[in-house]
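**Student:** Dropping in model-v5.txt, with compact mmCIF, C-alpha atoms.
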```
# COMPACT_ATOMS: atom_id res chain seq x y z
CA MET A 19 -2.65 21.70 28.95
CA GLY A 20 -2.82 24.87 26.85
CA GLU A 21 -5.18 25.09 23.93
CA MET A 22 -3.88 23.36 20.84
CA ASN A 23 -2.59 25.74 18.23
CA LEU A 24 -0.47 24.48 15.35
CA ASP A 25 0.88 27.95 14.67
CA ASN A 26 3.30 27.82 17.59
CA LEU A 27 4.07 24.14 17.69
CA SER A 28 7.42 23.45 19.35
CA SER A 29 10.09 21.64 17.36
CA GLN A 30 9.90 18.70 19.75
CA TYR A 31 6.24 18.13 18.92
CA PHE A 32 6.87 18.71 15.27
CA ASP A 33 9.40 15.87 15.47
CA VAL A 34 6.87 13.58 17.13
CA LEU A 35 4.24 14.32 14.48
CA LYS A 36 6.91 13.75 11.83
CA GLU A 37 7.77 10.37 13.28
CA LEU A 38 4.10 9.38 13.40
CA GLY A 39 3.93 10.40 9.75
CA ASN A 40 6.99 8.34 8.90
CA ILE A 41 5.74 5.16 10.47
CA GLY A 42 2.23 5.59 9.12
CA ALA A 43 3.45 6.26 5.60
CA GLY A 44 5.83 3.28 5.84
CA ASN A 45 2.98 0.95 6.68
CA ALA A 46 0.85 2.46 3.96
CA THR A 47 3.62 1.77 1.42
CA THR A 48 3.78 -1.87 2.46
CA ALA A 49 0.02 -2.15 2.07
CA LEU A 50 0.21 -0.51 -1.33
CA ALA A 51 2.90 -2.97 -2.48
CA GLN A 52 0.78 -5.94 -1.40
CA MET A 53 -2.26 -4.53 -3.12
CA ILE A 54 -0.68 -4.00 -6.53
CA GLY A 55 1.67 -6.95 -6.20
CA THR A 56 4.95 -5.20 -6.95
CA LYS A 57 7.83 -3.87 -4.96
CA VAL A 58 7.25 -0.26 -3.92
CA ASP A 59 10.01 1.97 -2.56
CA MET A 60 9.45 5.07 -0.52
CA CYS A 61 11.43 8.23 0.24
CA VAL A 62 11.57 9.60 3.76
CA PRO A 63 8.32 11.55 4.06
CA GLN A 64 8.44 15.33 4.32
CA VAL A 65 6.30 16.88 7.00
CA ARG A 66 5.23 20.40 6.20
CA LEU A 67 3.46 23.09 8.14
CA LEU A 68 2.18 25.57 5.56
CA ASP A 69 0.38 28.89 5.51
CA PHE A 70 -2.97 28.67 3.73
CA LYS A 71 -1.88 31.06 1.01
CA ASP A 72 1.00 28.72 0.09
CA VAL A 73 -1.12 25.58 -0.03
CA GLY A 74 -1.92 26.04 -3.71
CA ASP A 75 1.74 26.13 -4.71
CA LEU A 76 2.44 22.69 -3.33
CA MET A 77 1.60 19.60 -5.39
CA GLY A 78 2.41 21.31 -8.68
CA GLY A 79 -0.02 24.22 -8.53
CA ALA A 80 -3.48 25.09 -7.28
CA GLU A 81 -5.15 23.92 -10.48
CA LYS A 82 -3.34 20.58 -10.82
CA ILE A 83 -5.91 17.81 -11.00
CA MET A 84 -5.68 15.51 -8.02
CA ALA A 85 -7.62 12.61 -6.57
CA GLY A 86 -8.53 13.12 -2.94
CA ILE A 87 -9.81 10.30 -0.75
CA TYR A 88 -11.41 11.41 2.48
CA LEU A 89 -12.52 9.41 5.51
CA ALA A 90 -14.14 10.77 8.64
CA LEU A 91 -12.81 9.46 11.96
CA ASN A 92 -14.65 8.53 15.11
CA GLY A 93 -13.69 6.71 18.27
CA ASP A 94 -11.24 8.17 20.78
CA ILE A 95 -10.49 10.97 18.33
CA ASP A 96 -12.97 12.73 16.08
CA GLY A 97 -11.61 14.18 12.88
CA SER A 98 -10.70 13.01 9.43
CA ILE A 99 -7.89 11.72 7.27
CA MET A 100 -7.24 12.51 3.65
CA PHE A 101 -4.93 10.95 1.10
CA LEU A 102 -4.18 12.89 -2.07
CA LEU A 103 -2.37 11.87 -5.18
CA GLY A 104 -2.03 13.26 -8.69
CA LYS A 105 -4.54 12.09 -11.27
CA GLN A 106 -1.79 10.39 -13.23
CA ALA A 107 -0.67 8.45 -10.15
CA ALA A 108 -4.28 7.55 -9.36
CA ARG A 109 -4.77 6.34 -12.93
CA HIS A 110 -1.61 4.25 -12.66
CA LEU A 111 -2.64 2.59 -9.38
CA VAL A 112 -6.19 1.90 -10.55
CA ASP A 113 -4.95 0.37 -13.82
CA LYS A 114 -2.56 -1.84 -11.83
CA LEU A 115 -5.24 -2.90 -9.40
CA MET A 116 -7.79 -3.64 -12.12
CA GLY A 117 -5.19 -5.30 -14.36
CA THR A 118 -6.66 -3.51 -17.36
CA GLY A 119 -3.38 -2.21 -18.75
CA PRO A 120 -2.36 1.43 -18.87
CA LYS A 121 -4.88 4.04 -19.96
CA SER A 122 -4.32 7.68 -20.81
CA GLU A 123 -4.05 10.09 -17.91
CA ASP A 124 -6.85 12.15 -19.41
CA GLU A 125 -9.30 9.30 -19.41
CA GLU A 126 -12.02 9.79 -16.80
CA PHE A 127 -12.59 7.15 -14.15
CA ASP A 128 -15.70 5.05 -14.68
CA GLU A 129 -17.85 3.83 -11.81
CA VAL A 130 -15.90 0.62 -11.20
CA GLU A 131 -12.59 2.48 -11.37
CA MET A 132 -13.89 5.04 -8.87
CA SER A 133 -14.66 2.16 -6.51
CA ALA A 134 -11.16 0.82 -7.05
CA LEU A 135 -9.74 4.24 -6.26
CA LYS A 136 -11.79 4.38 -3.05
CA GLU A 137 -10.36 0.99 -2.16
CA VAL A 138 -6.81 2.24 -2.78
CA GLY A 139 -7.51 5.12 -0.42
CA ASN A 140 -9.16 2.85 2.09
CA ILE A 141 -6.19 0.50 2.27
CA ILE A 142 -3.56 3.23 2.36
CA THR A 143 -5.30 5.34 5.00
CA GLY A 144 -6.36 2.22 6.92
CA SER A 145 -2.78 1.01 7.33
CA TYR A 146 -1.72 4.53 8.29
CA LEU A 147 -4.44 4.69 10.95
CA ASN A 148 -3.58 1.21 12.22
CA SER A 149 -0.02 2.21 12.97
CA LEU A 150 -1.19 5.41 14.62
CA SER A 151 -3.70 3.47 16.67
CA MET A 152 -1.08 0.94 17.78
CA MET A 153 1.40 3.59 18.84
CA THR A 154 -1.07 5.68 20.75
CA ASN A 155 -3.46 3.01 22.00
CA LEU A 156 -6.30 5.19 20.77
CA LYS A 157 -9.27 3.65 19.01
CA LEU A 158 -9.78 5.20 15.55
CA ILE A 159 -12.81 4.22 13.51
CA PRO A 160 -12.80 5.44 9.90
CA SER A 161 -15.95 6.04 7.84
CA ILE A 162 -16.39 4.73 4.31
CA PRO A 163 -14.10 6.52 1.83
CA TYR A 164 -15.29 9.49 -0.25
CA VAL A 165 -13.50 10.49 -3.45
CA ALA A 166 -13.19 13.77 -5.31
CA ILE A 167 -11.20 14.39 -8.49
CA ASP A 168 -10.71 18.09 -8.93
CA MET A 169 -8.26 20.99 -8.64
CA ALA A 170 -5.72 20.57 -5.81
CA ALA A 171 -6.72 23.79 -4.07
CA ALA A 172 -10.43 22.93 -4.20
CA ILE A 173 -9.87 19.51 -2.61
CA LEU A 174 -7.46 20.98 -0.06
CA SER A 175 -10.05 23.58 0.94
CA VAL A 176 -11.81 20.83 2.89
CA PRO A 177 -8.96 20.06 5.32
CA ALA A 178 -7.79 23.70 5.21
CA ILE A 179 -11.16 24.84 6.52
CA GLN A 180 -10.91 22.35 9.34
CA PHE A 181 -7.39 23.51 10.18
CA GLY A 182 -8.72 27.06 9.83
CA MET A 183 -10.81 26.60 12.93
CA MET A 184 -7.63 26.02 14.93
CA GLY A 185 -5.14 28.39 13.36
CA ASP A 186 -3.65 29.65 10.13
CA LYS A 187 -1.53 26.72 9.06
CA ILE A 188 -2.07 23.28 7.59
CA LEU A 189 0.01 20.22 8.50
CA LEU A 190 0.63 17.65 5.82
CA ILE A 191 2.91 14.73 5.12
CA GLU A 192 4.33 14.26 1.64
CA THR A 193 5.37 10.77 0.66
CA GLN A 194 6.96 9.69 -2.58
CA PHE A 195 6.42 6.12 -3.71
CA PHE A 196 8.21 4.45 -6.56
CA ASP A 197 7.30 1.38 -8.50
CA GLU A 198 7.89 1.91 -12.23
CA LEU A 199 6.73 5.46 -11.76
CA LYS A 200 7.38 8.08 -9.16
CA LEU A 201 4.12 8.70 -7.36
CA SER A 202 3.74 11.55 -4.93
CA GLY A 203 1.11 11.08 -2.27
CA TYR A 204 0.07 13.37 0.56
CA PHE A 205 -1.46 12.46 3.88
CA ILE A 206 -3.38 14.95 5.89
CA LEU A 207 -4.41 13.81 9.32
CA LEU A 208 -6.97 16.07 10.88
CA PRO A 209 -7.89 15.39 14.43
CA ASP A 210 -10.37 17.86 15.89
CA ILE A 211 -9.12 20.46 18.36
CA ASP A 212 -8.68 17.97 21.23
CA GLY A 213 -7.29 15.27 18.97
CA TYR A 214 -3.68 16.46 18.68
CA SER A 215 -3.51 16.84 22.44
CA LYS A 216 -4.89 13.33 22.89
CA ILE A 217 -2.41 11.85 20.42
CA LEU A 218 0.54 13.62 22.01
CA SER A 219 -0.46 13.00 25.61
CA SER A 220 -1.02 9.30 24.83
CA LEU A 221 2.62 9.26 23.76
CA GLY A 222 3.59 10.77 27.10
CA MET A 223 4.08 14.32 25.92
CA GLY A 224 2.84 17.29 27.95
CA ASP A 225 2.15 20.86 26.89
CA ILE A 226 2.23 21.36 23.17
CA SER A 227 3.21 24.91 22.42
CA ASN A 228 6.48 26.72 23.05
CA MET B 2 -0.19 46.70 -19.66
CA SER B 3 -2.90 45.20 -17.55
CA GLN B 4 -2.13 42.44 -15.12
CA ILE B 5 -4.02 39.80 -13.17
CA ILE B 6 -3.57 39.97 -9.42
CA LYS B 7 -3.59 36.67 -7.53
CA VAL B 8 -5.47 36.13 -4.29
CA GLY B 9 -4.65 33.09 -2.12
CA MET B 10 -6.75 31.08 0.30
CA ALA B 11 -7.87 33.22 3.27
CA ASP B 12 -6.64 36.30 1.44
CA LEU B 13 -8.05 39.39 -0.30
CA ASN B 14 -6.87 42.18 -2.59
CA ILE B 15 -8.13 45.03 -4.74
CA CYS B 16 -7.35 46.22 -8.24
CA VAL B 17 -8.21 49.00 -10.67
CA SER B 18 -9.32 48.52 -14.28
CA PRO B 19 -7.88 47.38 -16.67
CA ASP B 20 -6.30 44.95 -14.19
CA GLY B 21 -8.16 41.79 -13.22
CA ILE B 22 -8.05 39.72 -10.07
CA THR B 23 -8.15 35.94 -9.66
CA THR B 24 -8.19 33.11 -7.17
CA LEU B 25 -7.46 29.49 -8.15
CA GLY B 26 -9.39 26.40 -7.13
CA LEU B 27 -12.16 27.60 -4.85
CA GLY B 28 -13.62 24.55 -3.14
CA SER B 29 -15.85 25.03 -0.13
CA CYS B 30 -14.41 28.53 0.20
CA VAL B 31 -16.30 31.46 -1.35
CA GLY B 32 -14.89 34.11 -3.69
CA ILE B 33 -16.65 37.45 -3.23
CA ALA B 34 -16.06 39.96 -6.02
CA ILE B 35 -17.07 43.57 -5.43
CA ARG B 36 -16.69 46.64 -7.67
CA ASP B 37 -17.68 50.25 -8.09
CA PRO B 38 -18.91 50.40 -11.71
CA VAL B 39 -18.12 54.14 -12.04
CA THR B 40 -14.54 54.33 -10.78
CA LYS B 41 -13.97 50.69 -11.86
CA ILE B 42 -12.19 49.86 -8.64
CA GLY B 43 -12.85 46.34 -7.47
CA GLY B 44 -11.56 43.48 -5.40
CA LEU B 45 -11.83 39.85 -4.48
CA ALA B 46 -11.93 38.07 -1.11
CA HIS B 47 -11.33 34.30 -0.75
CA VAL B 48 -13.00 33.43 2.56
CA MET B 49 -12.81 30.02 4.28
CA LEU B 50 -15.17 30.23 7.22
CA PRO B 51 -18.53 31.92 7.76
CA ASP B 52 -18.25 33.68 11.07
CA SER B 53 -15.29 35.15 12.97
CA THR B 54 -17.31 35.31 16.19
CA GLU B 55 -17.57 31.47 16.28
CA ILE B 56 -13.79 31.02 16.46
CA LYS B 57 -11.49 32.03 19.25
CA ASN B 58 -8.41 32.49 17.11
CA ASN B 59 -9.94 35.04 14.69
CA SER B 60 -7.24 37.62 14.04
CA ASN B 61 -6.87 36.58 10.38
CA ILE B 62 -9.41 39.02 8.89
CA PRO B 63 -9.63 37.68 5.28
CA LYS B 64 -10.32 34.15 6.55
CA PHE B 65 -13.91 34.88 7.55
CA ALA B 66 -16.91 36.00 5.48
CA ASP B 67 -18.02 38.67 7.96
CA THR B 68 -14.65 40.35 8.56
CA GLY B 69 -13.24 39.62 5.07
CA ILE B 70 -16.10 41.30 3.21
CA GLN B 71 -15.97 44.30 5.55
CA GLU B 72 -12.23 44.66 4.95
CA LEU B 73 -12.63 44.31 1.18
CA VAL B 74 -15.28 47.07 1.14
CA ASP B 75 -13.11 49.31 3.34
CA GLN B 76 -10.13 48.85 1.01
CA ILE B 77 -12.20 49.57 -2.13
CA VAL B 78 -13.60 52.73 -0.51
CA ALA B 79 -10.13 53.81 0.66
CA LYS B 80 -8.90 53.46 -2.94
CA GLY B 81 -11.68 55.75 -4.17
CA GLY B 82 -14.73 53.50 -4.58
CA ASN B 83 -18.13 54.87 -3.57
CA LYS B 84 -19.81 52.70 -0.98
CA THR B 85 -23.34 53.40 -2.24
CA ARG B 86 -22.49 52.22 -5.76
CA LEU B 87 -20.86 48.90 -4.87
CA VAL B 88 -22.18 45.69 -6.43
CA ALA B 89 -21.14 42.08 -5.80
CA LYS B 90 -20.94 38.66 -7.41
CA ILE B 91 -20.10 35.46 -5.55
CA ALA B 92 -18.88 31.96 -6.47
CA GLY B 93 -17.73 28.79 -4.72
CA GLY B 94 -19.13 27.17 -1.60
CA ALA B 95 -19.07 23.66 -3.08
CA GLN B 96 -19.37 20.47 -1.10
CA MET B 97 -16.32 18.64 -2.41
CA PHE B 98 -17.15 15.22 -0.94
CA ALA B 99 -20.61 13.63 -1.08
CA PHE B 100 -21.22 13.19 2.63
CA GLN B 101 -24.67 12.46 3.91
CA SER B 102 -23.58 13.98 7.19
CA GLN B 103 -25.52 16.73 8.90
CA ASN B 104 -22.29 17.72 10.61
CA ALA B 105 -21.95 21.50 10.34
CA THR B 106 -18.26 21.30 9.36
CA MET B 107 -19.16 19.22 6.33
CA ARG B 108 -21.74 21.74 5.12
CA VAL B 109 -19.33 24.62 5.46
CA GLY B 110 -19.71 25.52 1.75
CA ASP B 111 -23.41 26.31 2.18
CA ARG B 112 -22.72 28.17 5.39
CA ASN B 113 -20.01 30.25 3.72
CA VAL B 114 -22.44 31.23 0.95
CA ALA B 115 -25.20 32.10 3.42
CA ALA B 116 -22.83 34.14 5.60
CA SER B 117 -21.47 36.03 2.55
CA LEU B 118 -24.99 36.91 1.34
CA LYS B 119 -25.95 38.01 4.84
CA LYS B 120 -22.94 40.31 5.20
CA LEU B 121 -23.48 41.83 1.74
CA LYS B 122 -27.13 42.47 2.59
CA GLU B 123 -26.13 44.09 5.86
CA LEU B 124 -23.83 46.43 3.91
CA ASN B 125 -26.59 47.12 1.32
CA ILE B 126 -24.47 45.73 -1.52
CA PRO B 127 -26.66 44.09 -4.18
CA VAL B 128 -25.61 40.61 -5.37
CA LEU B 129 -25.94 40.68 -9.15
CA ALA B 130 -25.05 37.03 -9.77
CA GLN B 131 -23.89 33.92 -8.01
CA ASP B 132 -22.53 30.51 -9.02
CA THR B 133 -22.39 28.54 -5.81
CA GLY B 134 -22.88 25.09 -4.28
CA ASP B 135 -22.65 21.81 -6.21
CA SER B 136 -19.63 19.55 -5.80
CA TYR B 137 -16.81 20.90 -7.96
CA GLY B 138 -13.96 23.35 -7.61
CA ARG B 139 -13.92 26.71 -9.40
CA THR B 140 -11.18 29.06 -10.57
CA VAL B 141 -12.51 32.62 -10.83
CA ILE B 142 -11.27 35.79 -12.58
CA PHE B 143 -12.93 39.16 -11.96
CA TYR B 144 -12.64 42.29 -14.11
CA PRO B 145 -13.72 45.53 -12.43
CA GLU B 146 -13.78 47.13 -15.91
CA ASN B 147 -17.12 45.53 -16.87
CA GLY B 148 -17.90 43.34 -13.85
CA ASP B 149 -17.34 40.07 -15.72
CA TYR B 150 -16.78 37.20 -13.30
CA ILE B 151 -15.29 34.28 -15.23
CA ILE B 152 -15.66 30.79 -13.78
CA ARG B 153 -13.61 27.77 -14.81
CA ALA B 154 -14.13 24.23 -13.60
CA VAL B 155 -12.62 20.86 -14.52
CA GLY B 156 -14.40 19.26 -17.48
CA LYS B 157 -16.91 22.12 -17.87
CA PRO B 158 -17.12 24.98 -20.34
CA GLU B 159 -15.99 28.36 -19.06
CA LYS B 160 -18.84 30.60 -17.94
CA VAL B 161 -19.22 34.31 -17.29
CA ILE B 162 -21.65 35.59 -14.70
```
Could you show the structure in this file as structure tokens?
**Tutor:**
Amino acid sequence: MGEMNLDNLSSQYFDVLKELGNIGAGNATTALAQMIGTKVDMCVPQVRLLDFKDVGDLMGGAEKIMAGIYLALNGDIDGSIMFLLGKQAARHLVDKLMGTGPKSEDEEFDEVEMSALKEVGNIITGSYLNSLSMMTNLKLIPSIPYVAIDMAAAILSVPAIQFGMMGDKILLIETQFFDELKLSGYFILLPDIDGYSKILSSLGMGDISN
Amino acid sequence: MSQIIKVGMADLNICVSPDGITTLGLGSCVGIAIRDPVTKIGGLAHVMLPDSTEIKNNSNIPKFADTGIQELVDQIVAKGGNKTRLVAKIAGGAQMFAFQSQNATMRVGDRNVAASLKKLKELNIPVLAQDTGDSYGRTVIFYPENGDYIIRAVGKPEKVI
């Protein structure tokens, strides 16, 4: 198998990664609905392969304040997974989960609310990983969740740097959830260099590039 | 009318006073600002990784501290900057998530800062100021006119180094 390089991914493999994203995000939505106890709808996720220089323009600008939840992965694949959502959406989910009633978007998260936010990320990424694990038969062990609330570009620099070791593009999956509000969330799955090959070959796919 | 030139992730550019140059939301990446104080020609590189020789796929010059800084200096000199007068300021290199891990990938912010300082030293470019490390993102704006390097972060007062 040739060396993995996302820059010349064939459309067939792009479709497979898209489908993995769809199923994972679907499961994550179900988990989210159970967690906050309301019906949550989801749009068909968009899978995007972006140049680094365009990363900042996604998600409403490089300086938009986002919450990023990051978990390292071990097991059959080493790597990491990140879930990002806007601060307003994070505030909304945390308020729902805590049952404290809505607070202003500008209000900072206290220690307990940060824990709640980590738990949101844990459940959403956990259900995503479960579906990936079931489809591929690969064992994926996530670390504890880490949270950062900061500018979108600054948070995205972490996965971008990891993608940067493989090529010049970043692969991410955009999912829109709706309960009373429209909430945009982004998944970034980051297997290490061998990881994509392992995922795809476990699904019976051969050489990755064109 | 002066304008502010934007530099993306893994990107670099130069400008001439009174124009300024900016990059938004530096995380673990490092923003290296260099200028010639006499001709007031300057530039900014937004590098993601420390060392192009560690990576096989390394044709993207502005992505790495070693090749990015070299290219930035070459472009400033080509525009009329004098290599012996160049001075630098750097910012960024944060660790965005509080890992305990010793994993080198996780400490890439520190490594980017160290690699940038090393390359600048190798080129005999003095580093006049730096605002690096910690755990928060930074937006930076650089003015080759007076060398002001403005740093903005979420929930913190603006600072000039």
**Student:** Taking all atoms listed in the file into account, which residues of chain A are within 10 Å of chain B, as a PyMOL selection string?
**Tutor:** chain A and resi 23+69-75+79-83+86-90+126+162-176+178-180+182-186
**Student:** Keeping C-alpha atoms, export the residues of the selection given above as a PDB file, in the coordinates of the input.
**Tutor:**
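Once everything was written out, this is selection36.pdb:
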```pdb
ATOM      1  CA  ASN A  23      -2.590  25.740  18.230  1.00  0.00           C
ATOM      2  CA  ASP A  69       0.380  28.890   5.510  1.00  0.00           C
ATOM      3  CA  PHE A  70      -2.970  28.670   3.730  1.00  0.00           C
ATOM      4  CA  LYS A  71      -1.880  31.060   1.010  1.00  0.00           C
ATOM      5  CA  ASP A  72       1.000  28.720   0.090  1.00  0.00           C
ATOM      6  CA  VAL A  73      -1.120  25.580  -0.030  1.00  0.00           C
ATOM      7  CA  GLY A  74      -1.920  26.040  -3.710  1.00  0.00           C
ATOM      8  CA  ASP A  75       1.740  26.130  -4.710  1.00  0.00           C
ATOM      9  CA  GLY A  79      -0.020  24.220  -8.530  1.00  0.00           C
ATOM     10  CA  ALA A  80      -3.480  25.090  -7.280  1.00  0.00           C
ATOM     11  CA  GLU A  81      -5.150  23.920 -10.480  1.00  0.00           C
ATOM     12  CA  LYS A  82      -3.340  20.580 -10.820  1.00  0.00           C
ATOM     13  CA  ILE A  83      -5.910  17.810 -11.000  1.00  0.00           C
ATOM     14  CA  GLY A  86      -8.530  13.120  -2.940  1.00  0.00           C
ATOM     15  CA  ILE A  87      -9.810  10.300  -0.750  1.00  0.00           C
ATOM     16  CA  TYR A  88     -11.410  11.410   2.480  1.00  0.00           C
ATOM     17  CA  LEU A  89     -12.520   9.410   5.510  1.00  0.00           C
ATOM     18  CA  ALA A  90     -14.140  10.770   8.640  1.00  0.00           C
ATOM     19  CA  GLU A 126     -12.020   9.790 -16.800  1.00  0.00           C
ATOM     20  CA  ILE A 162     -16.390   4.730   4.310  1.00  0.00           C
ATOM     21  CA  PRO A 163     -14.100   6.520   1.830  1.00  0.00           C
ATOM     22  CA  TYR A 164     -15.290   9.490  -0.250  1.00  0.00           C
ATOM     23  CA  VAL A 165     -13.500  10.490  -3.450  1.00  0.00           C
ATOM     24  CA  ALA A 166     -13.190  13.770  -5.310  1.00  0.00           C
ATOM     25  CA  ILE A 167     -11.200  14.390  -8.490  1.00  0.00           C
ATOM     26  CA  ASP A 168     -10.710  18.090  -8.930  1.00  0.00           C
ATOM     27  CA  MET A 169      -8.260  20.990  -8.640  1.00  0.00           C
ATOM     28  CA  ALA A 170      -5.720  20.570  -5.810  1.00  0.00           C
ATOM     29  CA  ALA A 171      -6.720  23.790  -4.070  1.00  0.00           C
ATOM     30  CA  ALA A 172     -10.430  22.930  -4.200  1.00  0.00           C
ATOM     31  CA  ILE A 173      -9.870  19.510  -2.610  1.00  0.00           C
ATOM     32  CA  LEU A 174      -7.460  20.980  -0.060  1.00  0.00           C
ATOM     33  CA  SER A 175     -10.050  23.580   0.940  1.00  0.00           C
ATOM     34  CA  VAL A 176     -11.810  20.830   2.890  1.00  0.00           C
ATOM     35  CA  ALA A 178      -7.790  23.700   5.210  1.00  0.00           C
ATOM     36  CA  ILE A 179     -11.160  24.840   6.520  1.00  0.00           C
ATOM     37  CA  GLN A 180     -10.910  22.350   9.340  1.00  0.00           C
ATOM     38  CA  GLY A 182      -8.720  27.060   9.830  1.00  0.00           C
ATOM     39  CA  MET A 183     -10.810  26.600  12.930  1.00  0.00           C
ATOM     40  CA  MET A 184      -7.630  26.020  14.930  1.00  0.00           C
ATOM     41  CA  GLY A 185      -5.140  28.390  13.360  1.00  0.00           C
ATOM     42  CA  ASP A 186      -3.650  29.650  10.130  1.00  0.00           C
TER      43      ASP A 186
END
```
**Student:** Env of region 154-158 of chain A: 12 Å cut, atoms = all atoms listed in the file, seq-sep filter 2 positions within chain, self excluded. Answer as a ChimeraX atom specification.
**Tutor:** /A:34-35,38,89-99,143-152,160-161,207,209,213-223
**Student:** Using Å and a single decimal, report how far CA of Ala46 (chain A) sits from CA of Ile142 (chain A).
**Tutor:**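 That distance, rounded to one decimal, is 4.8 Å.
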**Student:** Go ahead and compute the interatomic distance for CA of Val31 (chain B) and CA of Asn83 (chain B), in Å to one decimal.
**Tutor:**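 So the two atoms, CA of Val31 (chain B) and CA of Asn83 (chain B), lie 23.6 Å apart.
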**Student:** Find the residues with any atom within 9 Å of (-0.9, -2.7, -5.3); use only C-alpha atoms and the coordinates as given in the file, and write the answer as a list in words.
**Tutor:**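 Residues satisfying the cut-off, written out: Ala49, Leu50, Ala51, Gln52, Met53, Ile54, Gly55, Thr56, Lys57, Val58, Leu111, Val112, Lys114, Leu115 and Val138 of chain A.
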**Student:** Can you write just those residues out, C-alpha atoms, as a PDB file, keeping the file's coordinate frame?
**Tutor:**
```
ATOM      1  CA  ALA A  49       0.020  -2.150   2.070  1.00  0.00           C
ATOM      2  CA  LEU A  50       0.210  -0.510  -1.330  1.00  0.00           C
ATOM      3  CA  ALA A  51       2.900  -2.970  -2.480  1.00  0.00           C
ATOM      4  CA  GLN A  52       0.780  -5.940  -1.400  1.00  0.00           C
ATOM      5  CA  MET A  53      -2.260  -4.530  -3.120  1.00  0.00           C
ATOM      6  CA  ILE A  54      -0.680  -4.000  -6.530  1.00  0.00           C
ATOM      7  CA  GLY A  55       1.670  -6.950  -6.200  1.00  0.00           C
ATOM      8  CA  THR A  56       4.950  -5.200  -6.950  1.00  0.00           C
ATOM      9  CA  LYS A  57       7.830  -3.870  -4.960  1.00  0.00           C
ATOM     10  CA  VAL A  58       7.250  -0.260  -3.920  1.00  0.00           C
ATOM     11  CA  LEU A 111      -2.640   2.590  -9.380  1.00  0.00           C
ATOM     12  CA  VAL A 112      -6.190   1.900 -10.550  1.00  0.00           C
ATOM     13  CA  LYS A 114      -2.560  -1.840 -11.830  1.00  0.00           C
ATOM     14  CA  LEU A 115      -5.240  -2.900  -9.400  1.00  0.00           C
ATOM     15  CA  VAL A 138      -6.810   2.240  -2.780  1.00  0.00           C
TER      16      VAL A 138
END
```
**Student:** Please compute the CA of Ile206 (chain A)-CA of Phe181 (chain A) distance, one decimal, in Å.
**Tutor:** 10.4 Å
**Student:** Could you pull the residues within 8 Å of Arg153 (chain B), counting only C-alpha atoms, minus those fewer than 3 positions along the same chain, as a ChimeraX atom specification?
**Tutor:** /B:139-141,157-160
